[in-house]
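Quick notes on the structure that follows.
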Amino acid sequence: MSCDEWISHSVHGKTFADVGGLWGTVNEKVSVAARAGARETTMIDITPPDHEAWAQFYQRCADQGVECGKSITANVDDPGFAEKVGMYDVVHCSGVIYHCPNPVYTLAQLASISREILIIGSTVIPHHISNSKGAIAMEENSALFVPALNDRQREVITFYLEEVQAKAVGINLPLAEGWSMTDYCPWWYLFTTDYVAGLMRVCGFGVTETSSVWQGRAAYLLGKRIKM
């Protein structure tokens, strides 16, 4: 099943939050959850409340014939994140963790607001990449730290991403002022899918389903809270 189908099968009568769903607006999942009968929906995003992306999001919800129950401006990496945003039965977060300098911490923050189900979407790379620029072989359950890529690795990854017209700050787009731990624009990591599953597992969620999209360059993982 797709990510939208996972949400539709999971949220009826439950609370739902989409963390970081404003970017590009069209990938938000609040409207999916609302149409599927979620009891309450919330959009959580770092974008300031006066930014036009919020208005675009509200208009998209209106076009879909639904409303967003709550809107919260918050940074997932802030220590007081859970206290500020509250708990939800189902949480979706896509396009965020590879932009975060400390993905274990970020996943733990997301897990802290997720009662039952956590759905993570991320760019990923396969265990083997081979093209005219060279080859990269990844061990299972591994990742590449983008600031440490050598020139050959960067060329191989750049070619791989540009096959789908992907632009990545820190890889094939320059950084404005170098790497900064407070900058969430760059791609800090290139994960394998099983690495993301490992992150989720250590944060208390066992992955039960995965879905590959964008010609294998991104994946969604459905995690259910592990009974302790």
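For the structure tokens, the naming scheme is as follows: chains receive sequential letters (A, B, ...) according to their order of presentation, residues are indexed from 1 within each chain, and ligands are indexed from 1 in presentation order.
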Give me, as a ChimeraX atom specification, all polymer residues having an atom no more than 12 Å from A:Tyr58, counting only C-alpha atoms and skipping those fewer than 5 positions away in the same chain. /A:22,25-26,28,30-31,42-43,49,51-53,63-71
Q.
Which residues are near stretch 183-188 of chain A? Cut-off 8 Å, only C-alpha atoms, ignore same chain within fewer than 3 positions. Put them as a PyMOL selection string.
A. chain A and resi 98-101+145-147+168-171+175+179-180
Suppose we keep N, CA, C and O atoms; can you now write the selection as a short mmCIF file (atom, residue, chain, number, x, y, z; two decimals), in the first residue's frame?
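Contents of selection-v3.cif, freshly written:
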```cif
data_model
loop_
_atom_site.label_atom_id
_atom_site.label_comp_id
_atom_site.auth_asym_id
_atom_site.auth_seq_id
_atom_site.Cartn_x
_atom_site.Cartn_y
_atom_site.Cartn_z
N TYR A 98 16.46 13.72 7.00
CA TYR A 98 17.78 13.81 6.35
C TYR A 98 18.27 15.26 6.30
O TYR A 98 19.42 15.52 5.93
N HIS A 99 17.39 16.21 6.66
CA HIS A 99 17.78 17.61 6.78
C HIS A 99 18.22 17.95 8.20
O HIS A 99 18.54 19.11 8.48
N CYS A 100 18.21 16.99 9.09
CA CYS A 100 18.51 17.24 10.50
C CYS A 100 19.90 16.70 10.86
O CYS A 100 20.22 15.56 10.53
N PRO A 101 20.71 17.50 11.55
CA PRO A 101 22.08 17.08 11.87
C PRO A 101 22.14 15.83 12.74
O PRO A 101 23.10 15.06 12.65
N PHE A 145 27.35 10.24 5.47
CA PHE A 145 27.31 11.56 6.07
C PHE A 145 27.76 12.55 5.00
O PHE A 145 28.93 12.57 4.60
N VAL A 146 26.84 13.36 4.50
CA VAL A 146 27.10 14.19 3.33
C VAL A 146 28.28 15.14 3.50
O VAL A 146 29.10 15.28 2.58
N PRO A 147 28.46 15.82 4.67
CA PRO A 147 29.62 16.72 4.78
C PRO A 147 30.95 16.01 4.61
O PRO A 147 31.96 16.67 4.30
N ALA A 168 19.90 18.95 -4.43
CA ALA A 168 20.16 18.75 -3.00
C ALA A 168 21.23 19.72 -2.51
O ALA A 168 22.38 19.67 -2.95
N VAL A 169 20.84 20.60 -1.60
CA VAL A 169 21.79 21.54 -1.02
C VAL A 169 22.85 20.76 -0.25
O VAL A 169 22.53 19.90 0.58
N GLY A 170 24.09 21.03 -0.56
CA GLY A 170 25.20 20.31 0.06
C GLY A 170 25.75 19.19 -0.80
O GLY A 170 26.83 18.66 -0.52
N ILE A 171 25.00 18.83 -1.86
CA ILE A 171 25.48 17.79 -2.78
C ILE A 171 25.68 18.39 -4.17
O ILE A 171 26.81 18.54 -4.62
N LEU A 175 26.31 25.27 -0.59
CA LEU A 175 25.90 25.83 0.70
C LEU A 175 26.19 27.32 0.71
O LEU A 175 27.22 27.76 0.19
N TRP A 179 28.72 24.43 6.43
CA TRP A 179 27.86 23.59 7.26
C TRP A 179 27.65 24.21 8.64
O TRP A 179 28.61 24.59 9.31
N SER A 180 26.41 24.28 9.05
CA SER A 180 26.06 24.81 10.37
C SER A 180 25.03 23.89 11.01
O SER A 180 24.06 23.48 10.36
#
```
Residues near A:Val76, cut-off 9 Å, only C-alpha atoms, skip fewer than 6 positions along chain, as a list in words = Val19, Gly20, Ile44, Asp45, Ile46, Ala82, Thr106, Gln109 and Leu110 of chain A
Please measure the separation of atom CA of A:Ala108 and atom CA of A:Gly204, giving the value in Å to one decimal.
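Distance reported for this atom pair: 8.4 Å.
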Using only C-alpha atoms, pick whichever of A:Arg60, A:Arg35, A:Ile119, A:Lys227 has the shortest atom-to-atom distance to A:Glu209.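 Closest to A:Glu209 of all the choices is A:Ile119.
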task = Name the residues of stretch 26-92 of chain A that come out as alpha helix (DSSP H) in a backbone DSSP run; write them as a list in words.
result =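 Here are the alpha helix (DSSP H) residues of stretch 26-92 of chain A: Val30, Ser31, Val32, Ala33, Ala34, Arg35, Glu52, Ala53, Trp54, Ala55, Gln56, Phe57, Tyr58, Gln59, Arg60, Cys61, Ala62, Asp63, Phe81, Ala82, Glu83, Lys84 and Val85 of chain A.
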Selection export as a CSV table (one decimal), in the first residue's frame, atoms kept: C-alpha atoms:
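Final file, result.csv:
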```
chain,number,residue,atom,x,y,z
A,30,VAL,CA,-3.7,16.4,6.9
A,31,SER,CA,-6.3,16.4,4.1
A,32,VAL,CA,-5.8,12.7,3.6
A,33,ALA,CA,-6.4,12.0,7.3
A,34,ALA,CA,-9.4,14.4,7.5
A,35,ARG,CA,-11.1,12.7,4.5
A,52,GLU,CA,2.4,32.4,2.8
A,53,ALA,CA,2.9,28.6,2.9
A,54,TRP,CA,0.3,28.4,5.7
A,55,ALA,CA,-2.3,30.2,3.6
A,56,GLN,CA,-1.5,27.9,0.7
A,57,PHE,CA,-2.0,24.9,3.0
A,58,TYR,CA,-5.4,26.2,4.3
A,59,GLN,CA,-6.5,26.8,0.7
A,60,ARG,CA,-5.5,23.3,-0.3
A,61,CYS,CA,-7.5,21.9,2.6
A,62,ALA,CA,-10.5,24.0,1.5
A,63,ASP,CA,-10.1,22.7,-2.1
A,81,PHE,CA,8.8,20.1,21.4
A,82,ALA,CA,6.6,17.4,22.9
A,83,GLU,CA,5.2,19.7,25.6
A,84,LYS,CA,4.4,22.3,23.0
A,85,VAL,CA,2.6,20.1,20.4
```
- Pull the strand (DSSP E or B) assignments for stretch 32-110 of chain A out of DSSP run on the backbone, and list those residues as a list in words.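 Taking stretch 32-110 of chain A and keeping strand (DSSP E or B) gives Ala38, Glu40, Thr41, Thr42, Met43, Ile44, Asp45, Lys70, Ser71, Ile72, Thr73, Tyr88, Asp89, Val90, Val91, His92, Cys93 and Ser94 of chain A.
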For N, CA and C atoms, I'd like the residues from the last selection saved as a PDB file, in the first residue's frame.
```
ATOM      1  N   ALA A  38     -10.343  11.096  10.521  1.00  0.00           N
ATOM      2  CA  ALA A  38      -9.590  11.363  11.748  1.00  0.00           C
ATOM      3  C   ALA A  38     -10.421  12.232  12.692  1.00  0.00           C
ATOM      4  N   GLU A  40      -9.257  14.277  14.915  1.00  0.00           N
ATOM      5  CA  GLU A  40      -8.609  15.583  15.029  1.00  0.00           C
ATOM      6  C   GLU A  40      -7.365  15.581  14.169  1.00  0.00           C
ATOM      7  N   THR A  41      -7.121  16.684  13.449  1.00  0.00           N
ATOM      8  CA  THR A  41      -5.930  16.790  12.604  1.00  0.00           C
ATOM      9  C   THR A  41      -5.124  18.017  13.006  1.00  0.00           C
ATOM     10  N   THR A  42      -3.807  17.898  12.881  1.00  0.00           N
ATOM     11  CA  THR A  42      -2.905  18.986  13.248  1.00  0.00           C
ATOM     12  C   THR A  42      -1.753  19.059  12.261  1.00  0.00           C
ATOM     13  N   MET A  43      -1.428  20.274  11.833  1.00  0.00           N
ATOM     14  CA  MET A  43      -0.215  20.506  11.053  1.00  0.00           C
ATOM     15  C   MET A  43       0.813  21.149  11.969  1.00  0.00           C
ATOM     16  N   ILE A  44       2.004  20.560  12.022  1.00  0.00           N
ATOM     17  CA  ILE A  44       3.114  21.078  12.814  1.00  0.00           C
ATOM     18  C   ILE A  44       4.270  21.373  11.870  1.00  0.00           C
ATOM     19  N   ASP A  45       4.747  22.607  11.875  1.00  0.00           N
ATOM     20  CA  ASP A  45       5.812  22.960  10.936  1.00  0.00           C
ATOM     21  C   ASP A  45       6.653  24.091  11.520  1.00  0.00           C
ATOM     22  N   LYS A  70      -5.892  21.955  13.985  1.00  0.00           N
ATOM     23  CA  LYS A  70      -4.930  22.791  14.696  1.00  0.00           C
ATOM     24  C   LYS A  70      -3.711  23.046  13.815  1.00  0.00           C
ATOM     25  N   SER A  71      -3.095  24.211  14.023  1.00  0.00           N
ATOM     26  CA  SER A  71      -1.855  24.569  13.328  1.00  0.00           C
ATOM     27  C   SER A  71      -0.857  25.029  14.371  1.00  0.00           C
ATOM     28  N   ILE A  72       0.330  24.424  14.383  1.00  0.00           N
ATOM     29  CA  ILE A  72       1.339  24.733  15.398  1.00  0.00           C
ATOM     30  C   ILE A  72       2.674  25.002  14.720  1.00  0.00           C
ATOM     31  N   THR A  73       3.283  26.129  15.055  1.00  0.00           N
ATOM     32  CA  THR A  73       4.639  26.421  14.585  1.00  0.00           C
ATOM     33  C   THR A  73       5.623  25.923  15.634  1.00  0.00           C
ATOM     34  N   TYR A  88      -0.274  12.365  19.747  1.00  0.00           N
ATOM     35  CA  TYR A  88      -1.203  11.993  18.687  1.00  0.00           C
ATOM     36  C   TYR A  88      -1.157  10.482  18.473  1.00  0.00           C
ATOM     37  N   ASP A  89      -2.288   9.931  18.052  1.00  0.00           N
ATOM     38  CA  ASP A  89      -2.334   8.493  17.804  1.00  0.00           C
ATOM     39  C   ASP A  89      -1.481   8.112  16.598  1.00  0.00           C
ATOM     40  N   VAL A  90      -1.567   8.917  15.539  1.00  0.00           N
ATOM     41  CA  VAL A  90      -0.843   8.653  14.291  1.00  0.00           C
ATOM     42  C   VAL A  90      -0.058   9.906  13.912  1.00  0.00           C
ATOM     43  N   VAL A  91       1.228   9.743  13.640  1.00  0.00           N
ATOM     44  CA  VAL A  91       2.089  10.872  13.254  1.00  0.00           C
ATOM     45  C   VAL A  91       2.761  10.560  11.927  1.00  0.00           C
ATOM     46  N   HIS A  92       2.730  11.526  11.027  1.00  0.00           N
ATOM     47  CA  HIS A  92       3.411  11.409   9.738  1.00  0.00           C
ATOM     48  C   HIS A  92       4.466  12.502   9.645  1.00  0.00           C
ATOM     49  N   CYS A  93       5.660  12.142   9.149  1.00  0.00           N
ATOM     50  CA  CYS A  93       6.721  13.117   8.938  1.00  0.00           C
ATOM     51  C   CYS A  93       7.535  12.687   7.723  1.00  0.00           C
ATOM     52  N   SER A  94       7.531  13.514   6.703  1.00  0.00           N
ATOM     53  CA  SER A  94       8.254  13.173   5.474  1.00  0.00           C
ATOM     54  C   SER A  94       9.112  14.355   5.029  1.00  0.00           C
TER      55      SER A  94
END
```
Judged by only C-alpha atoms, the minimum distance to A:His9 among A:Val207, A:Leu222, A:Leu149, A:Ala135 is found for A:Leu222
**Prompt:** How far is it from atom CA of A:Phe16 to atom CA of A:Ile120, in Å with one decimal?
**Reply:**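 Spanning atom CA of A:Phe16 to atom CA of A:Ile120 is a straight-line distance of 13.7 Å.
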* Residue nearest A:Ser142 - candidates A:Ala166, A:Leu190, A:Ser112, A:Ser122, atoms counted: only C-alpha atoms ->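 The shortest atom-to-atom distance to A:Ser142 comes from A:Leu190.
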Any idea what the distance is between atom CA of A:Val124 and atom CA of A:Phe191?
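We find that atom CA of A:Val124 and atom CA of A:Phe191 lie 5.0 Å from each other.
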Of the residues A:Ala176, A:Ala143, A:Met1, A:Ile7, which is the one nearest to A:Thr123, using only C-alpha atoms?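 For A:Thr123, the nearest of the given residues is A:Ala143.
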Using only C-alpha atoms, which residues sit within 9 Å of stretch 213-218 of chain A once same-chain residues fewer than 6 positions away are excluded, as a ChimeraX atom specification?
/A:121-126,160-161,164,193
Any chance you can output those residues with all heavy atoms as a tab-separated table (two decimals), in the first residue's frame?
```tsv
chain	number	residue	atom	x	y	z
A	121	GLY	N	8.84	9.37	6.03
A	121	GLY	CA	9.25	9.41	4.63
A	121	GLY	C	10.61	10.07	4.51
A	121	GLY	O	10.87	11.09	5.17
A	122	SER	N	11.49	9.49	3.71
A	122	SER	CA	12.84	10.05	3.59
A	122	SER	C	13.44	9.71	2.23
A	122	SER	O	13.10	8.68	1.64
A	122	SER	CB	13.75	9.47	4.68
A	122	SER	OG	15.09	9.92	4.53
A	123	THR	N	14.32	10.58	1.75
A	123	THR	CA	15.15	10.17	0.63
A	123	THR	C	16.03	9.02	1.09
A	123	THR	O	16.45	8.96	2.25
A	123	THR	CB	16.03	11.32	0.13
A	123	THR	OG1	16.84	11.79	1.20
A	123	THR	CG2	15.20	12.45	-0.43
A	124	VAL	N	16.31	8.11	0.19
A	124	VAL	CA	17.15	6.95	0.50
A	124	VAL	C	18.04	6.63	-0.69
A	124	VAL	O	17.80	7.10	-1.80
A	124	VAL	CB	16.30	5.70	0.85
A	124	VAL	CG1	15.53	5.91	2.15
A	124	VAL	CG2	15.35	5.33	-0.28
A	125	ILE	N	19.05	5.83	-0.44
A	125	ILE	CA	19.90	5.32	-1.51
A	125	ILE	C	19.95	3.80	-1.41
A	125	ILE	O	19.80	3.24	-0.32
A	125	ILE	CB	21.32	5.91	-1.47
A	125	ILE	CG1	21.98	5.66	-0.12
A	125	ILE	CG2	21.30	7.39	-1.80
A	125	ILE	CD1	23.44	6.09	-0.07
A	126	PRO	N	20.16	3.12	-2.53
A	126	PRO	CA	20.24	1.66	-2.50
A	126	PRO	C	21.59	1.20	-1.97
A	126	PRO	O	22.51	2.01	-1.75
A	126	PRO	CB	20.07	1.28	-3.97
A	126	PRO	CG	20.65	2.44	-4.71
A	126	PRO	CD	20.29	3.66	-3.90
A	160	TYR	N	23.39	10.25	-9.80
A	160	TYR	CA	22.25	9.42	-9.39
A	160	TYR	C	21.02	10.29	-9.11
A	160	TYR	O	19.90	9.97	-9.53
A	160	TYR	CB	22.63	8.62	-8.15
A	160	TYR	CG	21.53	7.79	-7.55
A	160	TYR	CD1	21.08	6.63	-8.16
A	160	TYR	CD2	20.94	8.17	-6.34
A	160	TYR	CE1	20.08	5.87	-7.60
A	160	TYR	CE2	19.93	7.41	-5.77
A	160	TYR	CZ	19.50	6.25	-6.40
A	160	TYR	OH	18.50	5.50	-5.85
A	161	LEU	N	21.21	11.40	-8.44
A	161	LEU	CA	20.09	12.28	-8.11
A	161	LEU	C	19.59	13.03	-9.34
A	161	LEU	O	18.38	13.22	-9.53
A	161	LEU	CB	20.50	13.28	-7.03
A	161	LEU	CG	20.77	12.70	-5.64
A	161	LEU	CD1	21.26	13.80	-4.71
A	161	LEU	CD2	19.52	12.04	-5.07
A	164	VAL	N	16.79	11.96	-11.77
A	164	VAL	CA	15.38	12.29	-11.50
A	164	VAL	C	15.22	13.79	-11.23
A	164	VAL	O	14.28	14.23	-10.58
A	164	VAL	CB	14.82	11.47	-10.32
A	164	VAL	CG1	14.71	10.00	-10.71
A	164	VAL	CG2	15.68	11.64	-9.07
A	193	THR	N	17.32	2.38	3.31
A	193	THR	CA	16.00	2.20	3.93
A	193	THR	C	16.10	1.44	5.24
A	193	THR	O	15.42	1.77	6.23
A	193	THR	CB	15.05	1.46	2.97
A	193	THR	OG1	14.93	2.22	1.75
A	193	THR	CG2	13.67	1.28	3.57
```
